[in-house]
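Student: Please see the structure below; I have some questions.
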Amino acid sequence: QLQASGGGLVQAGDSLRLSCAASGSAFSGYGRAWFRQAPGKERAFIASINWNGSTRTYADSVKGRFTISRDSAKNTVYLQMTSLKPEDTALYYCAAINGNWRRVEYWGQGTQVTVSS
């Protein structure tokens, strides 16, 4: 299982860190990705990291503001979000991916991020 956490209600300009924890050694050899889905919109890719953390990819909309990282010892991936904007408001999902973010093997549940102006 993938357990996403860390969402909440913040103000524009604030920072927030999301976590995506896997049970035991589950998905330890997989990359991870974050997606988000705003009301009325399709789920969109945000960021991904490969299995050993050597390769990271970001959507243009968050490049320079969001940072994805992973702690292999904890089998957890993080999404550090800074300079948050109201348009970042969405349900954020983590996923285990195989090779690249277009190949989702497993979806975790979402965590809500709401940014007020």
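The chains in the structure tokens are called A, B, ... from first to last as shown; in each chain the residues are counted from 1, and the ligands are counted from 1 in the order shown.
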Using only C-alpha atoms, tabulate the residues of range 92-113 of chain A lying at most 10 Å from any atom of range 42-52 of chain A, each with its closest atom pair and that distance in Å to one decimal, by chain and increasing residue number, as a Markdown table.
Tutor:
| residue | atom | partner | partner_atom | distance |
| --- | --- | --- | --- | --- |
| A:Tyr92 | CA | A:Arg43 | CA | 9.0 |
| A:Tyr93 | CA | A:Arg43 | CA | 8.9 |
| A:Cys94 | CA | A:Ser48 | CA | 9.4 |
| A:Ala95 | CA | A:Ser48 | CA | 9.1 |
| A:Ala96 | CA | A:Ser48 | CA | 9.5 |
| A:Ile97 | CA | A:Asn50 | CA | 8.3 |
| A:Asn98 | CA | A:Asn50 | CA | 8.7 |
| A:Gly99 | CA | A:Asn50 | CA | 7.3 |
| A:Asn100 | CA | A:Ser48 | CA | 7.7 |
| A:Trp101 | CA | A:Ser48 | CA | 6.3 |
| A:Arg102 | CA | A:Phe45 | CA | 8.7 |
Student: Next, dump the selected residues to file, keeping only all heavy atoms, as a PDB file, in the first residue's frame.
Tutor:
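That gives us result.pdb:
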ATOM      1  N   TYR A  92      -4.064  15.473  -4.053  1.00  0.00           N
ATOM      2  CA  TYR A  92      -2.760  15.002  -4.490  1.00  0.00           C
ATOM      3  C   TYR A  92      -2.651  13.496  -4.260  1.00  0.00           C
ATOM      4  O   TYR A  92      -2.921  13.009  -3.159  1.00  0.00           O
ATOM      5  CB  TYR A  92      -1.653  15.728  -3.738  1.00  0.00           C
ATOM      6  CG  TYR A  92      -1.422  17.133  -4.238  1.00  0.00           C
ATOM      7  CD1 TYR A  92      -2.368  18.130  -4.020  1.00  0.00           C
ATOM      8  CD2 TYR A  92      -0.270  17.472  -4.944  1.00  0.00           C
ATOM      9  CE1 TYR A  92      -2.175  19.419  -4.493  1.00  0.00           C
ATOM     10  CE2 TYR A  92      -0.061  18.756  -5.418  1.00  0.00           C
ATOM     11  CZ  TYR A  92      -1.019  19.725  -5.195  1.00  0.00           C
ATOM     12  OH  TYR A  92      -0.823  21.000  -5.662  1.00  0.00           O
ATOM     13  N   TYR A  93      -2.221  12.796  -5.309  1.00  0.00           N
ATOM     14  CA  TYR A  93      -2.067  11.350  -5.260  1.00  0.00           C
ATOM     15  C   TYR A  93      -0.613  10.965  -5.464  1.00  0.00           C
ATOM     16  O   TYR A  93       0.095  11.576  -6.264  1.00  0.00           O
ATOM     17  CB  TYR A  93      -2.868  10.681  -6.374  1.00  0.00           C
ATOM     18  CG  TYR A  93      -4.361  10.859  -6.309  1.00  0.00           C
ATOM     19  CD1 TYR A  93      -4.987  11.941  -6.914  1.00  0.00           C
ATOM     20  CD2 TYR A  93      -5.159   9.912  -5.654  1.00  0.00           C
ATOM     21  CE1 TYR A  93      -6.358  12.095  -6.861  1.00  0.00           C
ATOM     22  CE2 TYR A  93      -6.534  10.061  -5.604  1.00  0.00           C
ATOM     23  CZ  TYR A  93      -7.123  11.154  -6.210  1.00  0.00           C
ATOM     24  OH  TYR A  93      -8.484  11.302  -6.149  1.00  0.00           O
ATOM     25  N   CYS A  94      -0.182   9.944  -4.761  1.00  0.00           N
ATOM     26  CA  CYS A  94       1.110   9.372  -5.071  1.00  0.00           C
ATOM     27  C   CYS A  94       0.884   8.043  -5.789  1.00  0.00           C
ATOM     28  O   CYS A  94      -0.173   7.425  -5.662  1.00  0.00           O
ATOM     29  CB  CYS A  94       1.977   9.193  -3.836  1.00  0.00           C
ATOM     30  SG  CYS A  94       1.394   7.992  -2.645  1.00  0.00           S
ATOM     31  N   ALA A  95       1.896   7.631  -6.532  1.00  0.00           N
ATOM     32  CA  ALA A  95       1.773   6.410  -7.309  1.00  0.00           C
ATOM     33  C   ALA A  95       3.129   5.737  -7.429  1.00  0.00           C
ATOM     34  O   ALA A  95       4.170   6.404  -7.407  1.00  0.00           O
ATOM     35  CB  ALA A  95       1.220   6.723  -8.696  1.00  0.00           C
ATOM     36  N   ALA A  96       3.109   4.430  -7.550  1.00  0.00           N
ATOM     37  CA  ALA A  96       4.314   3.671  -7.882  1.00  0.00           C
ATOM     38  C   ALA A  96       4.340   3.545  -9.400  1.00  0.00           C
ATOM     39  O   ALA A  96       3.329   3.200 -10.013  1.00  0.00           O
ATOM     40  CB  ALA A  96       4.281   2.297  -7.231  1.00  0.00           C
ATOM     41  N   ILE A  97       5.478   3.854  -9.991  1.00  0.00           N
ATOM     42  CA  ILE A  97       5.582   3.854 -11.444  1.00  0.00           C
ATOM     43  C   ILE A  97       6.670   2.908 -11.906  1.00  0.00           C
ATOM     44  O   ILE A  97       7.622   2.606 -11.162  1.00  0.00           O
ATOM     45  CB  ILE A  97       5.850   5.279 -11.977  1.00  0.00           C
ATOM     46  CG1 ILE A  97       7.158   5.836 -11.392  1.00  0.00           C
ATOM     47  CG2 ILE A  97       4.688   6.191 -11.661  1.00  0.00           C
ATOM     48  CD1 ILE A  97       7.568   7.185 -11.952  1.00  0.00           C
ATOM     49  N   ASN A  98       6.535   2.473 -13.129  1.00  0.00           N
ATOM     50  CA  ASN A  98       7.489   1.532 -13.702  1.00  0.00           C
ATOM     51  C   ASN A  98       8.192   2.209 -14.873  1.00  0.00           C
ATOM     52  O   ASN A  98       7.683   2.218 -15.983  1.00  0.00           O
ATOM     53  CB  ASN A  98       6.761   0.271 -14.154  1.00  0.00           C
ATOM     54  CG  ASN A  98       7.717  -0.808 -14.632  1.00  0.00           C
ATOM     55  OD1 ASN A  98       8.935  -0.628 -14.617  1.00  0.00           O
ATOM     56  ND2 ASN A  98       7.181  -1.929 -15.059  1.00  0.00           N
ATOM     57  N   GLY A  99       9.329   2.789 -14.624  1.00  0.00           N
ATOM     58  CA  GLY A  99      10.117   3.404 -15.690  1.00  0.00           C
ATOM     59  C   GLY A  99       9.885   4.893 -15.832  1.00  0.00           C
ATOM     60  O   GLY A  99      10.810   5.678 -15.735  1.00  0.00           O
ATOM     61  N   ASN A 100       8.654   5.281 -16.075  1.00  0.00           N
ATOM     62  CA  ASN A 100       8.347   6.705 -16.187  1.00  0.00           C
ATOM     63  C   ASN A 100       6.933   6.950 -15.670  1.00  0.00           C
ATOM     64  O   ASN A 100       6.156   6.017 -15.458  1.00  0.00           O
ATOM     65  CB  ASN A 100       8.523   7.220 -17.615  1.00  0.00           C
ATOM     66  CG  ASN A 100       7.547   6.595 -18.573  1.00  0.00           C
ATOM     67  OD1 ASN A 100       6.343   6.874 -18.525  1.00  0.00           O
ATOM     68  ND2 ASN A 100       8.037   5.728 -19.441  1.00  0.00           N
ATOM     69  N   TRP A 101       6.589   8.220 -15.525  1.00  0.00           N
ATOM     70  CA  TRP A 101       5.339   8.556 -14.838  1.00  0.00           C
ATOM     71  C   TRP A 101       4.112   8.148 -15.632  1.00  0.00           C
ATOM     72  O   TRP A 101       3.001   8.085 -15.079  1.00  0.00           O
ATOM     73  CB  TRP A 101       5.298  10.045 -14.517  1.00  0.00           C
ATOM     74  CG  TRP A 101       5.333  10.974 -15.693  1.00  0.00           C
ATOM     75  CD1 TRP A 101       6.437  11.566 -16.229  1.00  0.00           C
ATOM     76  CD2 TRP A 101       4.211  11.434 -16.462  1.00  0.00           C
ATOM     77  NE1 TRP A 101       6.082  12.353 -17.284  1.00  0.00           N
ATOM     78  CE2 TRP A 101       4.716  12.303 -17.445  1.00  0.00           C
ATOM     79  CE3 TRP A 101       2.841  11.219 -16.396  1.00  0.00           C
ATOM     80  CZ2 TRP A 101       3.898  12.949 -18.358  1.00  0.00           C
ATOM     81  CZ3 TRP A 101       2.017  11.858 -17.307  1.00  0.00           C
ATOM     82  CH2 TRP A 101       2.550  12.705 -18.279  1.00  0.00           C
ATOM     83  N   ARG A 102       4.281   7.839 -16.902  1.00  0.00           N
ATOM     84  CA  ARG A 102       3.140   7.404 -17.711  1.00  0.00           C
ATOM     85  C   ARG A 102       2.775   5.946 -17.458  1.00  0.00           C
ATOM     86  O   ARG A 102       1.726   5.485 -17.910  1.00  0.00           O
ATOM     87  CB  ARG A 102       3.437   7.605 -19.197  1.00  0.00           C
ATOM     88  CG  ARG A 102       3.594   9.063 -19.597  1.00  0.00           C
ATOM     89  CD  ARG A 102       3.983   9.200 -21.061  1.00  0.00           C
ATOM     90  NE  ARG A 102       4.107  10.583 -21.477  1.00  0.00           N
ATOM     91  CZ  ARG A 102       5.184  11.321 -21.286  1.00  0.00           C
ATOM     92  NH1 ARG A 102       6.242  10.801 -20.689  1.00  0.00           N
ATOM     93  NH2 ARG A 102       5.228  12.575 -21.687  1.00  0.00           N
TER      94      ARG A 102
END
Student: Pick out the residues sitting within 6 Å of Thr76 in chain A, and hand them over as a list in words; count only C-alpha atoms, and ignore anything fewer than 5 positions along from it in its own chain.
Tutor: Cys20, Ala21, Arg70 and Asp71 of chain A
Student: Enumerate the residues of range 76-112 of chain A with a DSSP assignment of strand (DSSP E), computed from the backbone, and present them as a list in words.
Tutor: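 Written out, the strand (DSSP E) residues of range 76-112 of chain A are Thr76, Val77, Tyr78, Leu79, Gln80, Met81, Ala90, Leu91, Tyr92, Tyr93, Cys94, Ala95, Ala96, Ile97, Val104, Glu105, Tyr106, Trp107, Gly108, Gln109, Gly110, Thr111 and Gln112 of chain A.
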Student: Hey, can you spit out that residue selection with N, CA and C atoms as a short mmCIF file (atom, residue, chain, number, x, y, z; two decimals), in the first residue's frame?
Tutor:
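Below is the file again-v4.cif, written as the result:
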data_model
loop_
_atom_site.label_atom_id
_atom_site.label_comp_id
_atom_site.auth_asym_id
_atom_site.auth_seq_id
_atom_site.Cartn_x
_atom_site.Cartn_y
_atom_site.Cartn_z
N THR A 76 9.95 6.01 1.72
CA THR A 76 9.02 7.13 1.67
C THR A 76 9.51 8.15 0.65
N VAL A 77 8.56 8.68 -0.08
CA VAL A 77 8.84 9.75 -1.04
C VAL A 77 8.15 11.01 -0.56
N TYR A 78 8.81 12.13 -0.73
CA TYR A 78 8.29 13.41 -0.26
C TYR A 78 8.08 14.37 -1.43
N LEU A 79 7.15 15.27 -1.23
CA LEU A 79 6.96 16.36 -2.16
C LEU A 79 6.96 17.65 -1.36
N GLN A 80 8.06 18.37 -1.43
CA GLN A 80 8.16 19.65 -0.75
C GLN A 80 7.60 20.72 -1.67
N MET A 81 6.60 21.40 -1.20
CA MET A 81 5.92 22.42 -2.01
C MET A 81 6.13 23.79 -1.37
N ALA A 90 -5.84 21.07 -4.85
CA ALA A 90 -6.21 19.83 -5.54
C ALA A 90 -6.09 18.67 -4.56
N LEU A 91 -6.56 17.53 -5.02
CA LEU A 91 -6.32 16.27 -4.32
C LEU A 91 -5.05 15.69 -4.91
N TYR A 92 -4.06 15.47 -4.05
CA TYR A 92 -2.76 15.00 -4.49
C TYR A 92 -2.65 13.50 -4.26
N TYR A 93 -2.22 12.80 -5.31
CA TYR A 93 -2.07 11.35 -5.26
C TYR A 93 -0.61 10.97 -5.46
N CYS A 94 -0.18 9.94 -4.76
CA CYS A 94 1.11 9.37 -5.07
C CYS A 94 0.88 8.04 -5.79
N ALA A 95 1.90 7.63 -6.53
CA ALA A 95 1.77 6.41 -7.31
C ALA A 95 3.13 5.74 -7.43
N ALA A 96 3.11 4.43 -7.55
CA ALA A 96 4.31 3.67 -7.88
C ALA A 96 4.34 3.54 -9.40
N ILE A 97 5.48 3.85 -9.99
CA ILE A 97 5.58 3.85 -11.44
C ILE A 97 6.67 2.91 -11.91
N VAL A 104 1.92 3.94 -14.55
CA VAL A 104 1.55 3.80 -13.15
C VAL A 104 1.21 2.35 -12.87
N GLU A 105 1.86 1.81 -11.86
CA GLU A 105 1.61 0.43 -11.46
C GLU A 105 0.60 0.37 -10.32
N TYR A 106 0.62 1.38 -9.48
CA TYR A 106 -0.26 1.35 -8.30
C TYR A 106 -0.54 2.78 -7.85
N TRP A 107 -1.81 3.03 -7.59
CA TRP A 107 -2.21 4.33 -7.07
C TRP A 107 -2.38 4.28 -5.56
N GLY A 108 -1.86 5.29 -4.89
CA GLY A 108 -2.18 5.45 -3.48
C GLY A 108 -3.43 6.31 -3.35
N GLN A 109 -3.86 6.51 -2.13
CA GLN A 109 -5.02 7.37 -1.95
C GLN A 109 -4.57 8.81 -1.96
N GLY A 110 -5.46 9.73 -2.03
CA GLY A 110 -5.11 11.13 -2.14
C GLY A 110 -5.06 11.85 -0.81
N THR A 111 -4.40 12.99 -0.83
CA THR A 111 -4.39 13.89 0.31
C THR A 111 -4.72 15.29 -0.21
N GLN A 112 -5.64 15.96 0.47
CA GLN A 112 -6.15 17.24 -0.01
C GLN A 112 -5.23 18.39 0.36
#
Student: Calculated over only C-alpha atoms, which of the candidates A:Ser5, A:Thr82, A:Asp88, A:Gly53 has the smallest distance to Tyr30 in chain A?
Tutor: A:Gly53
Student: If you count only C-alpha atoms, which residues fall within 12 Å of Ser15 in chain A, apart from same-chain ones fewer than 6 positions away, as a list in words?
Tutor: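 Residues meeting the cut-off are Gly6, Gly7, Gly8, Leu9, Arg65, Phe66, Thr67, Leu79, Gln80, Met81, Thr82, Ser83, Leu84, Lys85, Asp88, Val113, Thr114 and Val115 of chain A.
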Student: Between CA of Asn75 in chain A and CA of Leu18 in chain A, what is the distance, to one decimal in Å?
Tutor: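 Interatomic distance here is 13.9 Å.
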Student: I need the residue nearest Gly31 in chain A from this list: A:Ser69, A:Val62, A:Asp14, A:Gln1. Use only C-alpha atoms for the distance.
Tutor: A:Ser69
Student: Between A:Ser61, A:Thr89, A:Arg103, A:Ser72, which one has atoms that come closest to Ala12 in chain A, using only C-alpha atoms?
Tutor: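 Comparing A:Ser61, A:Thr89, A:Arg103, A:Ser72 against Ala12 in chain A, the winner is A:Thr89.
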